[in-house]
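One structure is given here, and the rest of the page talks about it.
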Amino acid sequence: MRSRFAAITAATALFLGTSAACGSGGGSSDSGAGTIHVLVYGDAANKVEKQIVDTFNKTSAVKAVLDTVPGADYQQKLQTVINTPRAPDVFFNWGGGSIQPFVKAGLLLPLDGFIAKDPGLKDNFLPSVFNSAVVDGKPYGVPMRGTQPVLLFHNKKVLADAGLTPPKTWDDLVAAARTLKARGITPIALGGGDQWPTLMWFEYLYDRIAGPGLFQRALGGDREAWAGEDSRRALTALEQLVDAGAFGSNSDSVKFTDGGSPALVAKGKAAFELMGSWYYSTQQDANPDFAKSGLGYTGFPALSGGKGDPADVVGNTNNFYSVLKRTKHPEAAAAFLKLMYSDEFVKAQLAIGNLPTTTSTIGFLDLSASPAYSKAQYELVKAAPSFQLSWDQAYPPSAMTPMHTAVQQFFDGRLDADGFIKAMQALPTS
């Protein structure tokens, strides 16, 4: 992924105001009946994908079949089937580096032909979000679900009982961790068994201390960016929080993907969790009463003396649907993608706490499952000078495993700062 896709500028953010799949093989015609397989990441948001598939099937001769893969297995399953006869017709991804190898391998259908027939497939989405799935000047994805900034969530009652308020600064967070630990509460829930939730702490600390430029330079091939003073300062800050006992003693045995870490927060056994904005729908699905009245959320704390703007956010600009070039039913795939900017889609996503990136979303915020949450998320993205794409999605898929391993090993004390820096310098950037 090119670094120019890694940030949403303030100007663009302001625009916000206005089971593996069984594929269908090759071919190019929609004549006659048939099916298209839609492969998605399996989680609480699937209820919307099921609804949209049902809507599509009411009027289409070619029927859509929704195939879900549990989130922890999705990337591996996709890599396994993407170049086989079992490949899906349409599949969920993160844009950017996550699809670049598929484009280079000639597996994906450029969507400029679809867009020429229906300009709304591009024009009805925020430009910088849409551009996150543009590779070598051609569009390969249509936004689905919603924008996903990472927020610091908390259990309101746990904080109140400890006499604490949501931390505004890094020092506040470290002090709160010490207070909570002394009360026998795990300060911060972490699904370390999944590895990628741990990465979010690195992403925010690097941004707050170095600003977005360090990661953009590294992604662009400047390996020395990882070795500078700002990089070492970010690692030191993370060590400070770990050493304060903030994440408990068994975070590597806890996962987000099986509901383990969210349950700790919902049950009051942990106070905080740093997670993407889909956390609301996760809690709403598993612990609806807690999501409604007990769940709090803030942006990531500011860090004194850092170069990054405290209003910066990290996360995923959106998820995308891409189309396999070998699909037998491209016209059906195009018709299915049109539903991603429908009023039904926007309302359904808002109903589970997601924030779609269509230009029409602002008109429906009051219909959200939690209007206050949707508006807070909207304002967070709107005010962000930089929206850094998650590191493991900005880099190509071949970098994901070594990146996650380095993150977990540093976090666990099995790698020192020099070892972590060396591992990050060795990551492939293309």
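By convention in this document, the chains of the structure tokens carry letters A, B, ... by their order, each chain's residues are numbered from 1, and ligands are numbered from 1 in the order they are shown.
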Do a neighbour search on A:Ser261 at 9 Å with only C-alpha atoms, toss out local chain neighbours closer than 6 positions, and write the hits as a ChimeraX atom specification. /A:189-191,251,254-255,270,273
Resulting file, chosen residues, N, CA and C atoms, as a PDB file, in the first residue's frame:
ATOM      1  N   ALA A 189      -8.208  -4.865  29.638  1.00  0.00           N
ATOM      2  CA  ALA A 189      -8.414  -6.154  28.983  1.00  0.00           C
ATOM      3  C   ALA A 189      -7.665  -6.158  27.659  1.00  0.00           C
ATOM      4  N   LEU A 190      -7.061  -7.296  27.334  1.00  0.00           N
ATOM      5  CA  LEU A 190      -6.303  -7.392  26.084  1.00  0.00           C
ATOM      6  C   LEU A 190      -6.415  -8.803  25.529  1.00  0.00           C
ATOM      7  N   GLY A 191      -6.875  -8.910  24.303  1.00  0.00           N
ATOM      8  CA  GLY A 191      -6.931 -10.205  23.633  1.00  0.00           C
ATOM      9  C   GLY A 191      -5.603 -10.535  22.994  1.00  0.00           C
ATOM     10  N   SER A 251      -2.605 -12.158  29.516  1.00  0.00           N
ATOM     11  CA  SER A 251      -3.276 -11.609  28.329  1.00  0.00           C
ATOM     12  C   SER A 251      -3.056 -12.457  27.090  1.00  0.00           C
ATOM     13  N   VAL A 254      -5.898 -14.856  26.480  1.00  0.00           N
ATOM     14  CA  VAL A 254      -7.220 -14.256  26.272  1.00  0.00           C
ATOM     15  C   VAL A 254      -7.334 -13.830  24.813  1.00  0.00           C
ATOM     16  N   LYS A 255      -8.520 -13.974  24.224  1.00  0.00           N
ATOM     17  CA  LYS A 255      -8.752 -13.530  22.859  1.00  0.00           C
ATOM     18  C   LYS A 255      -9.942 -12.578  22.794  1.00  0.00           C
ATOM     19  N   ALA A 270     -12.394  -6.158  34.259  1.00  0.00           N
ATOM     20  CA  ALA A 270     -11.389  -5.260  33.690  1.00  0.00           C
ATOM     21  C   ALA A 270     -12.052  -3.917  33.441  1.00  0.00           C
ATOM     22  N   GLU A 273     -10.606  -1.328  27.513  1.00  0.00           N
ATOM     23  CA  GLU A 273     -10.133  -2.119  26.380  1.00  0.00           C
ATOM     24  C   GLU A 273      -9.961  -1.176  25.196  1.00  0.00           C
TER      25      GLU A 273
END
Sorted per-residue table, stretch 191-214 of chain A near stretch 386-392 of chain A, closest atoms and distance, 9 Å, only C-alpha atoms, as a Markdown table:
| residue | atom | partner | partner_atom | distance |
| --- | --- | --- | --- | --- |
| A:Trp196 | CA | A:Asp392 | CA | 8.0 |
| A:Leu199 | CA | A:Trp391 | CA | 8.0 |
| A:Met200 | CA | A:Ser390 | CA | 7.7 |
| A:Glu203 | CA | A:Trp391 | CA | 7.1 |
| A:Asp207 | CA | A:Gln388 | CA | 8.4 |
| A:Gly211 | CA | A:Ser386 | CA | 9.0 |
| A:Pro212 | CA | A:Gln388 | CA | 7.0 |
Among the residues of stretch 140-270 of chain A, find those DSSP assigns to helix (DSSP H, G or I) from the backbone and print them as a PyMOL selection string. chain A and resi 156-161+170-182+192-194+196-210+213-219+223-227+229-243+251-253+260-266
Expressed in Å to a single decimal, how great is the separation between atom CA of A:Phe320 and atom CA of A:Pro143?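 One can read the atom CA of A:Phe320 to atom CA of A:Pro143 distance as 4.4 Å.
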Neighbour list for A:Asp252 as JSON, numbers by chain, cut-off 10 Å, only C-alpha atoms, skip fewer than 4 positions in-chain: {"A": [190, 191, 192, 193, 194, 195, 198, 247, 248, 408, 411, 412]}
Kindly save the residues from that selection, with all heavy atoms included, as an mmCIF file, in the first residue's frame.
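Output (selection-v2.cif):
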data_model
loop_
_atom_site.group_PDB
_atom_site.id
_atom_site.type_symbol
_atom_site.label_atom_id
_atom_site.label_comp_id
_atom_site.auth_asym_id
_atom_site.auth_seq_id
_atom_site.Cartn_x
_atom_site.Cartn_y
_atom_site.Cartn_z
ATOM 1 N N LEU A 190 -7.061 -7.296 27.334
ATOM 2 C CA LEU A 190 -6.303 -7.392 26.084
ATOM 3 C C LEU A 190 -6.415 -8.803 25.529
ATOM 4 O O LEU A 190 -6.074 -9.772 26.218
ATOM 5 C CB LEU A 190 -4.825 -7.053 26.323
ATOM 6 C CG LEU A 190 -3.917 -7.178 25.101
ATOM 7 C CD1 LEU A 190 -4.278 -6.126 24.049
ATOM 8 C CD2 LEU A 190 -2.438 -7.046 25.500
ATOM 9 N N GLY A 191 -6.875 -8.910 24.303
ATOM 10 C CA GLY A 191 -6.931 -10.205 23.633
ATOM 11 C C GLY A 191 -5.603 -10.535 22.994
ATOM 12 O O GLY A 191 -5.499 -10.654 21.770
ATOM 13 N N GLY A 192 -4.570 -10.681 23.828
ATOM 14 C CA GLY A 192 -3.229 -10.915 23.319
ATOM 15 C C GLY A 192 -3.095 -12.207 22.538
ATOM 16 O O GLY A 192 -2.184 -12.340 21.714
ATOM 17 N N GLY A 193 -3.993 -13.156 22.779
ATOM 18 C CA GLY A 193 -3.948 -14.395 22.025
ATOM 19 C C GLY A 193 -4.196 -14.196 20.541
ATOM 20 O O GLY A 193 -3.794 -15.020 19.717
ATOM 21 N N ASP A 194 -4.857 -13.113 20.177
ATOM 22 C CA ASP A 194 -5.077 -12.772 18.768
ATOM 23 C C ASP A 194 -3.933 -11.961 18.177
ATOM 24 O O ASP A 194 -3.869 -11.789 16.959
ATOM 25 C CB ASP A 194 -6.374 -11.963 18.613
ATOM 26 C CG ASP A 194 -7.618 -12.786 18.878
ATOM 27 O OD1 ASP A 194 -7.674 -13.940 18.421
ATOM 28 O OD2 ASP A 194 -8.532 -12.271 19.553
ATOM 29 N N GLN A 195 -3.095 -11.399 18.997
ATOM 30 C CA GLN A 195 -1.932 -10.594 18.629
ATOM 31 C C GLN A 195 -2.286 -9.211 18.076
ATOM 32 O O GLN A 195 -1.739 -8.200 18.518
ATOM 33 C CB GLN A 195 -1.019 -11.342 17.647
ATOM 34 C CG GLN A 195 -0.419 -12.621 18.234
ATOM 35 C CD GLN A 195 0.533 -13.320 17.295
ATOM 36 O OE1 GLN A 195 0.284 -13.415 16.090
ATOM 37 N NE2 GLN A 195 1.618 -13.839 17.830
ATOM 38 N N THR A 198 -2.989 -6.238 20.433
ATOM 39 C CA THR A 198 -1.796 -5.660 21.058
ATOM 40 C C THR A 198 -1.177 -4.611 20.147
ATOM 41 O O THR A 198 -0.661 -3.586 20.611
ATOM 42 C CB THR A 198 -0.774 -6.771 21.362
ATOM 43 O OG1 THR A 198 -1.427 -7.848 22.037
ATOM 44 C CG2 THR A 198 0.358 -6.253 22.226
ATOM 45 N N PHE A 247 -1.986 -4.874 32.068
ATOM 46 C CA PHE A 247 -2.657 -5.877 31.245
ATOM 47 C C PHE A 247 -2.803 -7.220 31.951
ATOM 48 O O PHE A 247 -3.146 -8.219 31.312
ATOM 49 C CB PHE A 247 -1.893 -6.045 29.933
ATOM 50 C CG PHE A 247 -1.788 -4.769 29.140
ATOM 51 C CD1 PHE A 247 -0.659 -3.957 29.255
ATOM 52 C CD2 PHE A 247 -2.816 -4.359 28.309
ATOM 53 C CE1 PHE A 247 -0.556 -2.776 28.536
ATOM 54 C CE2 PHE A 247 -2.726 -3.177 27.587
ATOM 55 C CZ PHE A 247 -1.594 -2.373 27.707
ATOM 56 N N GLY A 248 -2.570 -7.246 33.230
ATOM 57 C CA GLY A 248 -2.677 -8.493 33.964
ATOM 58 C C GLY A 248 -1.522 -9.421 33.654
ATOM 59 O O GLY A 248 -0.508 -9.021 33.069
ATOM 60 N N GLN A 408 4.042 -9.180 19.839
ATOM 61 C CA GLN A 408 3.763 -10.015 21.008
ATOM 62 C C GLN A 408 5.030 -10.303 21.807
ATOM 63 O O GLN A 408 5.027 -10.255 23.051
ATOM 64 C CB GLN A 408 3.117 -11.323 20.584
ATOM 65 C CG GLN A 408 2.680 -12.201 21.755
ATOM 66 C CD GLN A 408 1.949 -13.449 21.311
ATOM 67 O OE1 GLN A 408 2.415 -14.148 20.405
ATOM 68 N NE2 GLN A 408 0.815 -13.728 21.911
ATOM 69 N N PHE A 411 6.088 -7.226 23.762
ATOM 70 C CA PHE A 411 5.121 -7.007 24.834
ATOM 71 C C PHE A 411 5.350 -7.974 25.991
ATOM 72 O O PHE A 411 5.185 -7.620 27.157
ATOM 73 C CB PHE A 411 3.710 -7.192 24.267
ATOM 74 C CG PHE A 411 2.627 -6.562 25.071
ATOM 75 C CD1 PHE A 411 2.333 -5.212 24.922
ATOM 76 C CD2 PHE A 411 1.891 -7.299 25.975
ATOM 77 C CE1 PHE A 411 1.316 -4.626 25.659
ATOM 78 C CE2 PHE A 411 0.878 -6.726 26.715
ATOM 79 C CZ PHE A 411 0.594 -5.378 26.557
ATOM 80 N N ASP A 412 5.751 -9.202 25.653
ATOM 81 C CA ASP A 412 5.980 -10.229 26.663
ATOM 82 C C ASP A 412 7.379 -10.195 27.254
ATOM 83 O O ASP A 412 7.713 -11.024 28.108
ATOM 84 C CB ASP A 412 5.728 -11.615 26.066
ATOM 85 C CG ASP A 412 4.263 -11.853 25.724
ATOM 86 O OD1 ASP A 412 3.412 -11.077 26.201
ATOM 87 O OD2 ASP A 412 3.977 -12.801 24.972
#
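The closest residue to A:Val53, picked from A:Phe202, A:Phe336, A:Leu159, A:Ala133 and counting only C-alpha atoms, is A:Phe336.
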Determine the nearest neighbour of A:Pro127 from the options A:Tyr206, A:Val150, A:Phe410, A:Asn318, counting only C-alpha atoms.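 The answer is A:Asn318, which sits nearest to A:Pro127.
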Write out as a PyMOL selection string each polymer residue whose atoms come within 12 Å of A:Ala291, counting only C-alpha atoms; drop sequence neighbours fewer than 2 positions from it. chain A and resi 153-156+262-263+265-267+278-289+293-297+352-353+369-370+373
Step one, run DSSP on the backbone; step two, keep only residues of stretch 89-180 of chain A assigned to strand (DSSP E or B); then write them as a list in words. Val90, Phe91, Phe92, Asn93, Leu108, Phe125, Val134, Val135, Lys138, Pro139, Val142, Pro143, Met144, Thr147, Gln148, Pro149, Val150, Leu151, Leu152, Phe153, His154, Asn155 and Thr169 of chain A
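Minimum atom-to-atom distance to A:Pro101, evaluated using only C-alpha atoms, belongs to A:Ile82 out of A:Val314, A:Ala116, A:Ile82, A:Lys58.
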For A:Phe420, please output as a ChimeraX atom specification all residues within 12 Å (counting only C-alpha atoms; exclusion window: fewer than 5 positions along the same chain). /A:202,226-227,231-232,234-236,402-415,425-427
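Residues with any atom within 9 Å of A:Arg178, counting only C-alpha atoms and excluding same-chain neighbours fewer than 2 positions away, are Leu173, Val174, Ala175, Ala176, Leu180, Lys181, Ala182, Arg183, Pro187, Ala244, Gly245 and Ala246 of chain A.
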